[in-house]
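Pasted below: query_22.cif, mmCIF, C-alpha atoms.
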```cif
data_data
loop_
_atom_site.label_atom_id
_atom_site.label_comp_id
_atom_site.auth_asym_id
_atom_site.auth_seq_id
_atom_site.Cartn_x
_atom_site.Cartn_y
_atom_site.Cartn_z
CA MET A 20 -14.03 -22.11 -11.11
CA VAL A 21 -11.40 -19.39 -10.85
CA ASP A 22 -12.23 -16.07 -12.49
CA LEU A 23 -9.16 -13.99 -13.35
CA SER A 24 -11.10 -11.10 -14.90
CA ILE A 25 -10.48 -7.64 -13.47
CA ASN A 26 -11.73 -4.09 -13.53
CA CYS A 27 -9.01 -1.49 -13.06
CA GLY A 28 -10.52 1.96 -12.76
CA GLY A 29 -13.25 1.10 -15.25
CA ILE A 30 -10.94 -0.75 -17.66
CA LYS A 31 -11.94 -4.41 -17.88
CA SER A 32 -9.88 -7.36 -19.10
CA PRO A 33 -10.17 -11.18 -18.94
CA ASN A 34 -7.04 -11.45 -16.78
CA PRO A 35 -4.82 -8.99 -14.89
CA PHE A 36 -1.79 -9.40 -17.16
CA TRP A 37 -1.17 -6.35 -19.33
CA LEU A 38 1.84 -5.46 -21.43
CA ALA A 39 3.31 -2.17 -20.27
CA SER A 40 3.79 0.79 -22.57
CA ALA A 41 7.17 -0.06 -24.09
CA PRO A 42 8.83 -1.66 -27.15
CA PRO A 43 6.60 -4.80 -26.95
CA THR A 44 3.51 -2.65 -27.65
CA ASN A 45 4.89 -0.54 -30.47
CA SER A 46 2.58 -1.85 -33.21
CA ALA A 47 -0.66 -3.62 -33.99
CA TYR A 48 1.32 -6.67 -35.12
CA GLN A 49 2.93 -7.01 -31.70
CA VAL A 50 -0.16 -6.30 -29.62
CA CYS A 51 -2.37 -8.66 -31.64
CA LYS A 52 0.31 -11.36 -31.37
CA ALA A 53 0.37 -10.84 -27.59
CA PHE A 54 -3.42 -11.12 -27.39
CA GLU A 55 -3.24 -14.38 -29.34
CA LYS A 56 -0.88 -15.69 -26.65
CA GLY A 57 -3.38 -14.76 -23.92
CA TRP A 58 -2.45 -11.34 -22.55
CA GLY A 59 -5.43 -9.57 -21.03
CA GLY A 60 -4.49 -6.06 -22.05
CA ALA A 61 -1.83 -3.80 -23.50
CA VAL A 62 -0.80 -0.21 -22.93
CA TRP A 63 0.30 1.08 -26.33
CA LYS A 64 3.82 2.47 -26.56
CA THR A 65 3.54 6.16 -25.71
CA ILE A 66 2.53 8.37 -28.62
CA GLY A 67 3.10 12.10 -28.86
CA GLU A 68 5.79 14.53 -29.96
CA PRO A 69 8.00 13.58 -32.96
CA VAL A 70 11.18 11.81 -31.88
CA MET A 71 14.09 9.92 -33.40
CA ASN A 72 15.72 7.11 -31.46
CA VAL A 73 19.42 6.18 -31.33
CA CYS A 74 21.27 2.89 -31.66
CA ASN A 75 22.73 1.08 -28.64
CA ARG A 76 19.78 2.21 -26.53
CA TYR A 77 19.60 -0.75 -24.13
CA GLY A 78 21.95 -1.77 -21.36
CA ALA A 79 21.68 -4.61 -18.87
CA VAL A 80 23.00 -5.84 -15.55
CA ASP A 81 23.84 -9.54 -15.50
CA TYR A 82 24.68 -11.20 -12.19
CA ASN A 83 26.05 -14.58 -11.24
CA GLY A 84 25.21 -16.08 -14.61
CA GLU A 85 21.68 -14.68 -14.77
CA LYS A 86 20.96 -12.44 -17.74
CA ILE A 87 19.08 -9.12 -17.49
CA LEU A 88 18.70 -8.81 -13.75
CA GLY A 89 18.09 -5.17 -14.63
CA LEU A 90 17.45 -3.48 -17.97
CA ASN A 91 18.27 0.15 -18.73
CA ASN A 92 17.00 2.02 -21.77
CA ILE A 93 17.41 5.42 -23.39
CA GLU A 94 14.63 4.74 -25.89
CA LEU A 95 12.12 7.53 -26.36
CA ILE A 96 8.40 7.35 -27.05
CA SER A 97 7.04 5.90 -30.30
CA ASP A 98 8.96 7.12 -33.31
CA ARG A 99 6.03 6.27 -35.59
CA PRO A 100 3.51 8.92 -36.70
CA ILE A 101 0.57 9.57 -34.40
CA GLU A 102 -1.91 8.94 -37.21
CA LEU A 103 -0.45 5.48 -37.87
CA ASN A 104 -0.53 4.54 -34.20
CA LEU A 105 -4.12 5.69 -33.75
CA ARG A 106 -5.24 3.79 -36.84
CA GLU A 107 -3.60 0.59 -35.58
CA ILE A 108 -5.04 1.07 -32.09
CA ALA A 109 -8.54 1.28 -33.59
CA GLU A 110 -7.95 -1.82 -35.71
CA THR A 111 -6.55 -3.78 -32.76
CA LYS A 112 -9.54 -2.92 -30.57
CA ARG A 113 -11.91 -3.94 -33.37
CA LEU A 114 -10.20 -7.32 -33.66
CA TRP A 115 -9.98 -7.88 -29.90
CA PRO A 116 -13.07 -6.34 -28.28
CA ASP A 117 -12.66 -8.32 -25.03
CA ARG A 118 -9.07 -7.17 -24.37
CA ALA A 119 -8.02 -3.95 -22.67
CA VAL A 120 -6.38 -1.52 -25.09
CA ILE A 121 -5.00 1.57 -23.35
CA VAL A 122 -3.42 4.53 -25.13
CA SER A 123 -0.32 6.01 -23.46
CA LEU A 124 0.09 9.72 -24.13
CA MET A 125 2.78 12.37 -23.75
CA VAL A 126 2.54 15.76 -25.45
CA GLU A 127 3.63 19.31 -24.71
CA SER A 128 2.10 21.11 -21.74
CA LYS A 129 -0.65 22.98 -23.55
CA ARG A 130 -4.34 22.47 -22.79
CA GLU A 131 -5.42 22.51 -26.43
CA THR A 132 -2.74 19.98 -27.41
CA TRP A 133 -3.84 17.59 -24.69
CA HIS A 134 -7.52 18.07 -25.55
CA ASP A 135 -6.80 17.22 -29.18
CA ILE A 136 -4.79 14.06 -28.57
CA VAL A 137 -7.26 12.80 -25.94
CA LYS A 138 -10.23 13.24 -28.28
CA ARG A 139 -8.39 11.47 -31.09
CA SER A 140 -7.51 8.62 -28.72
CA ILE A 141 -11.13 8.24 -27.65
CA ASP A 142 -12.18 8.01 -31.31
CA THR A 143 -10.13 4.79 -31.66
CA GLY A 144 -12.48 2.95 -29.33
CA ALA A 145 -9.71 2.38 -26.80
CA ASP A 146 -10.70 1.34 -23.29
CA GLY A 147 -8.62 3.91 -21.45
CA ILE A 148 -5.80 6.42 -21.44
CA GLU A 149 -2.55 6.30 -19.50
CA LEU A 150 -0.72 9.57 -18.94
CA ASN A 151 3.03 9.03 -19.07
CA TYR A 152 4.47 11.20 -16.29
CA GLY A 153 7.45 8.98 -15.68
CA CYS A 154 10.10 8.65 -18.41
CA PRO A 155 13.33 9.96 -16.82
CA HIS A 156 15.30 10.49 -20.02
CA GLY A 157 14.97 12.22 -23.36
CA MET A 158 11.45 13.55 -22.97
CA SER A 159 11.99 15.05 -19.52
CA GLU A 160 14.44 17.52 -21.02
CA ARG A 161 11.50 18.84 -23.03
CA GLY A 162 9.36 19.38 -19.94
CA MET A 163 7.55 16.06 -20.29
CA GLY A 164 7.69 12.64 -18.64
CA SER A 165 9.20 12.72 -15.16
CA ALA A 166 9.46 16.52 -15.38
CA VAL A 167 5.68 16.44 -14.93
CA GLY A 168 5.50 13.53 -12.48
CA GLN A 169 8.03 15.12 -10.15
CA VAL A 170 5.95 18.27 -9.67
CA PRO A 171 2.52 17.59 -8.14
CA GLU A 172 1.14 20.90 -9.40
CA TYR A 173 2.05 20.02 -13.01
CA CYS A 174 0.68 16.52 -12.53
CA GLN A 175 -2.64 17.90 -11.33
CA MET A 176 -2.85 20.61 -14.00
CA ILE A 177 -2.29 18.31 -16.99
CA THR A 178 -4.48 15.55 -15.57
CA GLU A 179 -7.28 18.10 -15.18
CA TRP A 180 -6.88 19.08 -18.84
CA VAL A 181 -7.32 15.41 -19.75
CA THR A 182 -10.27 14.65 -17.49
CA GLU A 183 -12.04 17.78 -18.77
CA VAL A 184 -12.62 16.07 -22.10
CA SER A 185 -12.05 12.34 -21.57
CA THR A 186 -15.08 10.06 -21.68
CA ILE A 187 -12.99 6.96 -20.94
CA PRO A 188 -10.97 6.04 -17.82
CA VAL A 189 -7.71 7.90 -17.20
CA LEU A 190 -4.74 6.28 -15.47
CA VAL A 191 -1.80 8.41 -14.32
CA LYS A 192 1.59 6.70 -14.58
CA LEU A 193 3.89 7.93 -11.82
CA THR A 194 7.66 8.25 -11.72
CA PRO A 195 9.66 6.62 -8.90
CA ASN A 196 12.24 9.40 -9.16
CA VAL A 197 10.70 11.38 -6.32
CA THR A 198 11.15 11.64 -2.56
CA ASP A 199 7.55 10.65 -1.78
CA VAL A 200 5.35 9.14 -4.48
CA ARG A 201 2.19 9.93 -2.56
CA TYR A 202 2.30 13.63 -3.42
CA PRO A 203 1.92 13.20 -7.20
CA GLY A 204 -0.54 10.40 -6.45
CA ARG A 205 -2.70 12.77 -4.44
CA ALA A 206 -2.44 15.36 -7.19
CA ALA A 207 -3.72 12.81 -9.70
CA LYS A 208 -6.65 12.02 -7.42
CA ARG A 209 -7.55 15.71 -7.02
CA ALA A 210 -7.51 16.05 -10.81
CA GLY A 211 -10.09 13.31 -11.28
CA ALA A 212 -7.90 10.39 -12.38
CA HIS A 213 -9.63 7.01 -12.37
CA GLY A 214 -6.52 5.07 -11.39
CA ILE A 215 -2.75 5.07 -10.82
CA SER A 216 -0.05 3.17 -12.69
CA LEU A 217 3.36 2.72 -11.08
CA ILE A 218 6.26 2.54 -11.20
CA ASN A 219 7.87 3.94 -14.32
CA THR A 220 11.59 3.38 -14.76
CA ILE A 221 14.26 4.46 -12.28
CA ASN A 222 16.90 6.98 -13.31
CA THR A 223 20.27 5.21 -13.60
CA ILE A 224 23.66 5.03 -15.28
CA MET A 225 24.42 1.39 -16.06
CA GLY A 226 28.19 1.39 -15.83
CA VAL A 227 31.54 2.45 -17.22
CA ASP A 228 33.80 0.48 -19.57
CA LEU A 229 37.15 0.25 -17.76
CA ASP A 230 39.10 -0.03 -21.02
CA THR A 231 37.52 2.74 -23.09
CA PHE A 232 36.18 4.86 -20.18
CA GLU A 233 32.89 5.14 -22.08
CA LEU A 234 29.50 4.76 -20.46
CA LYS A 235 27.48 1.60 -21.02
CA PRO A 236 25.79 1.55 -23.46
CA SER A 237 27.79 3.88 -25.67
CA VAL A 238 26.27 5.89 -28.51
CA GLY A 239 29.25 6.89 -30.64
CA GLY A 240 31.43 7.34 -27.57
CA LYS A 241 28.90 9.10 -25.38
CA GLY A 242 26.18 7.92 -23.04
CA GLY A 243 23.99 9.11 -20.23
CA HIS A 244 21.28 8.33 -17.76
CA GLY A 245 18.35 6.10 -18.68
CA GLY A 246 15.37 4.27 -17.24
CA TYR A 247 16.04 1.13 -15.18
CA ALA A 248 13.58 -1.78 -15.07
CA GLY A 249 13.53 -5.54 -14.62
CA PRO A 250 13.59 -7.94 -11.64
CA ALA A 251 16.01 -5.74 -9.68
CA VAL A 252 13.45 -2.95 -9.30
CA LYS A 253 10.59 -5.08 -7.93
CA PRO A 254 11.21 -4.31 -4.22
CA ILE A 255 11.21 -0.58 -4.96
CA ALA A 256 8.00 -0.92 -6.96
CA LEU A 257 6.28 -2.94 -4.22
CA ASN A 258 7.12 -0.31 -1.64
CA MET A 259 5.72 2.53 -3.76
CA VAL A 260 2.61 0.53 -4.66
CA ALA A 261 2.01 -0.04 -0.94
CA GLN A 262 2.45 3.67 -0.24
CA ILE A 263 -0.23 4.54 -2.78
CA ALA A 264 -2.53 1.70 -1.69
CA THR A 265 -2.47 2.68 1.98
CA ASP A 266 -2.84 6.43 1.51
CA PRO A 267 -6.40 7.40 2.50
CA GLU A 268 -6.21 10.56 0.40
CA ILE A 269 -5.71 8.58 -2.82
CA ASN A 270 -7.94 5.49 -2.67
CA LEU A 271 -7.72 4.75 -6.40
CA PRO A 272 -7.33 1.48 -8.34
CA ILE A 273 -3.71 0.62 -9.09
CA SER A 274 -1.99 -0.94 -12.07
CA GLY A 275 1.29 -2.31 -10.74
CA ILE A 276 4.52 -2.21 -12.71
CA GLY A 277 8.14 -3.06 -11.94
CA GLY A 278 10.07 -6.30 -12.26
CA ILE A 279 7.09 -8.62 -12.71
CA SER A 280 8.40 -11.79 -14.35
CA THR A 281 6.23 -14.60 -12.93
CA TRP A 282 2.77 -15.25 -11.55
CA ARG A 283 4.28 -15.11 -8.08
CA ASP A 284 5.55 -11.59 -8.70
CA ALA A 285 2.13 -10.59 -10.00
CA LEU A 286 0.40 -11.94 -6.93
CA GLU A 287 2.68 -9.94 -4.65
CA PHE A 288 1.54 -6.76 -6.39
CA ILE A 289 -2.11 -7.81 -6.18
CA LEU A 290 -1.77 -8.68 -2.49
CA LEU A 291 -0.51 -5.13 -1.99
CA GLY A 292 -3.56 -3.63 -3.66
CA CYS A 293 -3.12 -3.77 -7.45
CA SER A 294 -6.01 -4.54 -9.77
CA SER A 295 -3.89 -5.16 -12.87
CA VAL A 296 -0.19 -5.75 -13.43
CA GLN A 297 1.96 -4.60 -16.33
CA VAL A 298 4.92 -6.51 -17.72
CA CYS A 299 7.71 -5.30 -19.98
CA THR A 300 11.27 -6.56 -19.32
CA ALA A 301 10.28 -10.21 -18.85
CA ALA A 302 8.41 -10.15 -22.18
CA MET A 303 11.45 -8.57 -23.86
CA HIS A 304 13.64 -11.30 -22.36
CA TYR A 305 11.49 -14.38 -22.96
CA GLY A 306 8.74 -13.36 -25.40
CA PHE A 307 4.98 -13.16 -25.12
CA ARG A 308 4.68 -16.88 -24.29
CA ILE A 309 5.38 -16.25 -20.61
CA VAL A 310 1.75 -15.28 -20.07
CA ASP A 311 0.77 -18.96 -20.29
CA ASP A 312 2.74 -19.74 -17.15
CA MET A 313 1.39 -16.61 -15.45
CA ILE A 314 -2.24 -17.55 -16.08
CA GLU A 315 -1.75 -21.21 -15.18
CA GLY A 316 0.30 -20.49 -12.07
CA MET A 317 -2.09 -17.88 -10.70
CA THR A 318 -5.12 -20.08 -11.43
CA ASN A 319 -3.58 -23.09 -9.66
CA TRP A 320 -2.56 -20.99 -6.65
CA MET A 321 -6.06 -19.55 -6.30
CA GLU A 322 -7.61 -23.01 -6.53
CA GLU A 323 -5.26 -24.32 -3.84
CA LYS A 324 -6.05 -21.37 -1.57
CA GLY A 325 -9.80 -21.56 -2.18
CA PHE A 326 -10.15 -18.19 -3.95
CA THR A 327 -12.51 -17.83 -6.89
CA SER A 328 -11.82 -14.21 -7.88
CA LEU A 329 -9.01 -11.71 -7.60
CA ASP A 330 -11.30 -9.40 -5.63
CA GLN A 331 -10.87 -11.87 -2.76
CA VAL A 332 -7.08 -11.60 -3.01
CA ARG A 333 -6.51 -7.92 -3.65
CA GLY A 334 -4.93 -6.04 -0.77
CA LYS A 335 -4.87 -8.97 1.66
CA SER A 336 -1.31 -8.14 2.73
CA LEU A 337 -1.81 -4.43 3.29
CA SER A 338 -2.82 -4.96 6.93
CA ARG A 339 0.59 -6.59 7.51
CA ILE A 340 2.45 -3.37 6.69
CA SER A 341 3.67 -1.61 9.82
CA ASP A 342 5.98 1.15 10.91
CA PHE A 343 9.07 0.03 12.83
CA GLY A 344 7.62 1.60 15.96
CA ASN A 345 4.79 -0.94 15.96
CA LEU A 346 6.91 -4.09 15.60
CA ASN A 347 7.08 -6.46 18.58
CA LEU A 348 10.42 -6.00 20.35
CA LEU A 349 9.86 -9.21 22.31
CA TYR A 350 9.50 -11.47 19.27
CA LYS A 351 12.41 -13.91 19.34
CA ALA A 352 13.74 -16.18 16.60
CA VAL A 353 17.03 -18.03 16.22
CA ALA A 354 18.78 -19.77 13.34
CA ARG A 355 19.03 -23.57 13.27
CA ILE A 356 21.11 -25.57 10.81
CA ASP A 357 19.89 -28.91 9.45
CA GLU A 358 23.14 -30.87 9.53
CA SER A 359 21.76 -33.51 7.14
CA LYS A 360 21.50 -30.86 4.42
CA CYS A 361 24.61 -28.85 5.25
CA ILE A 362 27.44 -29.02 2.68
CA GLN A 363 30.00 -27.36 4.98
CA CYS A 364 30.56 -24.45 2.59
CA ASN A 365 30.99 -22.27 5.70
CA LEU A 366 29.30 -19.25 4.12
CA CYS A 367 27.05 -18.93 7.17
CA TYR A 368 30.06 -19.06 9.49
CA VAL A 369 32.03 -16.44 7.55
CA ALA A 370 29.06 -14.08 7.26
CA CYS A 371 28.25 -14.33 10.94
CA GLU A 372 31.85 -14.20 12.14
CA ASP A 373 32.94 -11.25 10.01
CA THR A 374 29.84 -9.11 9.59
CA ALA A 375 27.17 -10.13 12.11
CA HIS A 376 27.21 -11.38 15.73
CA GLN A 377 29.83 -14.16 15.96
CA CYS A 378 27.38 -16.82 17.11
CA ILE A 379 28.21 -19.69 14.74
CA ASP A 380 30.99 -22.13 15.65
CA ARG A 381 32.62 -24.85 13.56
CA VAL A 382 32.38 -28.01 15.65
CA PRO A 383 34.36 -31.22 14.90
CA LYS A 384 32.06 -33.98 13.68
CA GLN A 385 32.81 -37.61 12.76
CA VAL A 386 31.29 -38.76 9.46
CA ARG A 387 31.51 -41.95 7.43
CA ALA A 388 32.65 -41.56 3.83
CA ASN A 389 33.93 -44.21 1.39
CA GLY A 390 34.08 -46.82 4.09
CA SER A 391 36.18 -44.76 6.48
CA THR A 392 35.64 -42.20 9.19
CA GLU A 393 36.80 -38.64 8.83
CA THR A 394 36.48 -35.46 10.85
CA ILE A 395 34.77 -32.41 9.39
CA LEU A 396 34.02 -29.01 10.86
CA GLN A 397 30.26 -28.61 11.13
CA PRO A 398 28.79 -25.09 11.48
CA LYS A 399 26.59 -24.90 14.56
CA VAL A 400 24.63 -21.96 15.96
CA ARG A 401 25.07 -20.96 19.60
CA GLU A 402 21.42 -20.17 20.15
CA ALA A 403 22.06 -18.37 23.44
CA ASP A 404 24.01 -15.74 21.52
CA CYS A 405 21.98 -15.69 18.30
CA VAL A 406 20.09 -12.42 17.79
CA GLY A 407 18.01 -13.76 14.91
CA CYS A 408 19.29 -11.33 12.29
CA ARG A 409 18.72 -13.89 9.44
CA LEU A 410 21.96 -13.20 7.57
CA CYS A 411 23.06 -16.86 7.68
CA TYR A 412 19.68 -17.92 6.29
CA ILE A 413 20.11 -15.52 3.38
CA VAL A 414 23.66 -16.54 2.39
CA CYS A 415 23.09 -20.30 2.67
CA PRO A 416 23.06 -21.85 -0.85
CA VAL A 417 21.01 -24.91 0.18
CA ASP A 418 17.24 -24.59 0.35
CA ASN A 419 15.78 -25.22 3.82
CA CYS A 420 19.17 -25.99 5.32
CA ILE A 421 18.91 -23.07 7.73
CA ALA A 422 15.58 -22.18 9.32
CA MET A 423 14.58 -19.23 11.45
CA VAL A 424 12.76 -20.77 14.39
CA GLN A 425 10.48 -18.73 16.61
CA LEU A 426 11.09 -19.25 20.31
CA ASP A 427 8.25 -19.45 22.79
CA THR A 428 8.13 -16.11 24.58
CA GLY A 429 4.54 -16.47 25.71
CA ASN A 430 2.07 -13.86 24.58
CA GLU A 431 4.30 -10.96 25.55
CA SER A 432 4.37 -8.04 23.19
CA LYS A 433 5.97 -4.64 23.45
CA THR A 434 6.48 -2.15 20.65
CA TRP A 435 8.91 0.72 20.56
CA ASN A 436 6.03 3.16 20.63
CA GLU A 437 4.78 1.52 23.83
CA LEU A 438 8.27 1.34 25.29
CA VAL A 439 8.97 5.05 25.00
CA LYS A 440 5.81 5.74 26.99
CA GLU A 441 6.85 3.29 29.70
CA LEU A 442 10.46 4.38 30.20
CA PRO A 443 11.70 7.77 31.43
CA GLN A 444 12.36 10.43 28.83
CA PRO A 445 15.01 11.15 27.80
CA MET A 446 15.79 7.42 27.84
CA THR A 447 19.26 6.27 28.91
CA TRP A 448 21.15 3.14 27.88
CA GLU A 449 20.71 1.84 31.42
CA ASP A 450 16.94 2.26 31.16
CA LEU A 451 16.97 0.18 27.99
CA ARG A 452 19.24 -2.47 29.50
CA ALA A 453 16.91 -2.76 32.51
CA PHE A 454 13.99 -3.36 30.15
CA GLN A 455 15.97 -6.06 28.32
CA ARG A 456 16.90 -7.81 31.58
CA LYS A 457 13.29 -7.68 32.73
CA HIS A 458 12.12 -9.53 29.65
CA GLY A 459 15.06 -11.93 29.40
CA ILE A 460 16.51 -10.37 26.25
CA GLU A 461 20.17 -11.21 25.81
CA ILE A 462 22.51 -8.20 25.67
CA HIS A 463 25.40 -8.54 23.20
#
```

Using the file provided, produce a representation of the structure as structure tokens.
Amino acid sequence: MVDLSINCGGIKSPNPFWLASAPPTNSAYQVCKAFEKGWGGAVWKTIGEPVMNVCNRYGAVDYNGEKILGLNNIELISDRPIELNLREIAETKRLWPDRAVIVSLMVESKRETWHDIVKRSIDTGADGIELNYGCPHGMSERGMGSAVGQVPEYCQMITEWVTEVSTIPVLVKLTPNVTDVRYPGRAAKRAGAHGISLINTINTIMGVDLDTFELKPSVGGKGGHGGYAGPAVKPIALNMVAQIATDPEINLPISGIGGISTWRDALEFILLGCSSVQVCTAAMHYGFRIVDDMIEGMTNWMEEKGFTSLDQVRGKSLSRISDFGNLNLLYKAVARIDESKCIQCNLCYVACEDTAHQCIDRVPKQVRANGSTETILQPKVREADCVGCRLCYIVCPVDNCIAMVQLDTGNESKTWNELVKELPQPMTWEDLRAFQRKHGIEIH
């Protein structure tokens, strides 16, 4: 039997799928409806200072017929009274004692204000607190959100105020709008945080209307920067999650956020060290029902792989992360085209000819069609000249038509870090060419 239950920094839930602090968790009605569908937890939409939202507060990037590849928002924290939110949080936890209910907080930078809101949050019976140090718009102008997350000293100071009085786990939600996310992560650890949530949204401007010259979206003719989320941000989120997970100074449980739309996405975050995963944009796009597929897909995958708990999966890919200097320079792969699947669209040829290494030819080939023979031009890789860059594989529209095939180079291995110790310093181009000739590496 597969057990999907998790413990993220002391916050337990029956599965790793949480709704992120956002519009889908703005009320008890929504959160209870999500729990009915099967979500394991929810981070309540951030409560705190009084705000008033504007219309036209969402913008999206659509690409090649796919809707909401990225979602931008200028929505602020909850515009409902704190008292109402806290009352509904308490009622939701009473109705769903087995689900994780986390209160997201953002208030002004005063110790007594933080102490007060934390104590009131604890009184709801919530399972944990998430400190919102990430919103890049609206609240940051008031010295909140990313204005805190971008300054490790502020991050540590406010987190310390919270952990001074909190009797429940505290997660710190980090902004990606920094040069190195590890510094605020370390600050959170020093302050006694029980876990890290990341990433919050990325600071962006969505676009400009070429007819009106207004920004997209437009609020009465004006617009500005907002927070970017959705599938497009997943690679950025995975990188930052890995940075936190591999930092020995942090060593905290992680709740992963950023472009998670499917069980496959969720597993990628878990393989890079996350205990729970938070979803927002996909739920806004398709509704709460998507959790069914997430639970079923993850369960089936674990059964196929022979895993019975997520503890056996968590972090299994972290050992595969390497600096460029430790990659094997002697590893060799070339592209091969399956002619039976090729549709002669020539995208691989154009990409290689114009922007890569000019190692794909179009070779005349006789084929039978409609009872007659005709000549077509079949793309074919000159393997002797192929450097294995993988561009043709990426642009090919047919699954498994192009494969990257590893060539037998024996058990030879040489990294850049090893090479610089072997060759004279400073290294010349001739030194490098001699090394390539020694190991049979083609020079292009």

Per-residue nearest contacts stretch 220-251 of chain A to stretch 188-211 of chain A, cut-off 7 Å, using only C-alpha atoms, as a tab-separated table:
```
residue	atom	partner	partner_atom	distance
A:Thr220	CA	A:Thr194	CA	7.0
A:Ile221	CA	A:Pro195	CA	6.1
A:Asn222	CA	A:Asn196	CA	6.7
```

Return as a ChimeraX atom specification the set of residues that the PyMOL selection byres ((chain A and resi 405-420) around 12) yields on the displayed structure. /A:348-380,398-404,421-426,460-463

Shell of 8 Å around stretch 26-32 of chain A, all atoms listed in the file, local chain residues under 5 positions omitted, as a PDB file with C-alpha atoms, keeping the file's coordinate frame:
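Once written, part17.pdb looks like this:
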```pdb
ATOM      1  CA  GLY A  59      -5.430  -9.570 -21.030  1.00  0.00           C
ATOM      2  CA  GLY A  60      -4.490  -6.060 -22.050  1.00  0.00           C
ATOM      3  CA  ASP A 117     -12.660  -8.320 -25.030  1.00  0.00           C
ATOM      4  CA  ARG A 118      -9.070  -7.170 -24.370  1.00  0.00           C
ATOM      5  CA  ALA A 119      -8.020  -3.950 -22.670  1.00  0.00           C
ATOM      6  CA  ASP A 146     -10.700   1.340 -23.290  1.00  0.00           C
ATOM      7  CA  GLY A 147      -8.620   3.910 -21.450  1.00  0.00           C
ATOM      8  CA  PRO A 188     -10.970   6.040 -17.820  1.00  0.00           C
ATOM      9  CA  VAL A 189      -7.710   7.900 -17.200  1.00  0.00           C
ATOM     10  CA  LEU A 190      -4.740   6.280 -15.470  1.00  0.00           C
ATOM     11  CA  HIS A 213      -9.630   7.010 -12.370  1.00  0.00           C
ATOM     12  CA  GLY A 214      -6.520   5.070 -11.390  1.00  0.00           C
ATOM     13  CA  LEU A 271      -7.720   4.750  -6.400  1.00  0.00           C
ATOM     14  CA  PRO A 272      -7.330   1.480  -8.340  1.00  0.00           C
ATOM     15  CA  ILE A 273      -3.710   0.620  -9.090  1.00  0.00           C
ATOM     16  CA  SER A 274      -1.990  -0.940 -12.070  1.00  0.00           C
ATOM     17  CA  SER A 294      -6.010  -4.540  -9.770  1.00  0.00           C
ATOM     18  CA  SER A 295      -3.890  -5.160 -12.870  1.00  0.00           C
TER      19      SER A 295
END
```

I'd like the contact shell of A:Gly242 - 10 Å cut-off, all atoms listed in the file, skipping same-chain residues fewer than 2 positions apart - returned as a list in words. Asn75, Arg76, Ile93, Ile224, Met225, Gly226, Val227, Glu233, Leu234, Lys235, Pro236, Ser237, Val238, Gly239, Gly240, His244 and Gly245 of chain A

Just the number, please: distance in Å from atom CA of A:Asp266 to atom CA of A:Trp63, one decimal.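 So the answer is 28.5 Å.
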
What gap, in Å, lies between atom CA of A:Ile148 and atom CA of A:Ser123?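 Between these atoms lies a distance of 5.9 Å.
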
Kindly resolve the PyMOL selection byres ((chain A and resi 153) around 12) on the present coordinates and return the residues as a ChimeraX atom specification. /A:40,65,95-96,123-125,149-152,154-159,162-170,174,191-197,200,203,215-222,245-247,276

Proximity to A:Asn436 - best of A:Gly306, A:Gly344, A:Gly459, A:Pro35, all atoms listed in the file: A:Gly344

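Using only C-alpha atoms for every distance, the candidate list A:Lys457, A:Ala248, A:Glu127, A:Val382 yields A:Glu127 as the residue closest to A:Glu160.
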
Straight-line distance linking atom CA of A:Ile269 with atom CA of A:Phe343, stated in Å to one decimal: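 Answer for the atom CA of A:Ile269 to atom CA of A:Phe343 separation: 23.2 Å.
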
Show me the residues around (8.2, -8.4, -24.0) - criterion: an atom at most 10 Å away, all atoms listed in the file counted - as an MDAnalysis selection string. chainID A and resid 38:39 41:44 49 53 298:309

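The residues returned by the PyMOL selection byres ((chain A and resi 145) around 8) for this structure are Ile108, Ala109, Lys112, Ala119, Val120, Ile121, Val122, Ser140, Ile141, Asp142, Thr143, Gly144, Asp146, Gly147 and Ile148 of chain A.
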
Between A:Asp230, A:Asp22, A:Thr265, A:Ala388, which is the closest to A:Arg339 once you count all atoms listed in the file?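 That would be A:Thr265, the residue with the smallest distance to A:Arg339.
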
Which polymer residues, protein or nucleic acid, are no farther than 10 Å from (-6.5, -15.3, -2.3), counting all atoms listed in the file, as a list in words?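 Those within range, by chain then number, are Leu286, Ile289, Leu290, Met317, Trp320, Met321, Glu322, Glu323, Lys324, Gly325, Phe326, Thr327, Ser328, Leu329, Asp330, Gln331, Val332, Arg333, Gly334 and Lys335 of chain A.
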
Find the residues near A:Asp342: any atom within 12 Å, counting all atoms listed in the file, skip ones fewer than 5 places away on the same chain, and give them as a ChimeraX atom specification. /A:262,347,434-436

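The closest residue to A:Leu257, picked from A:Asn270, A:Ser336, A:Ser432, A:Gln444 and counting all atoms listed in the file, is A:Ser336.
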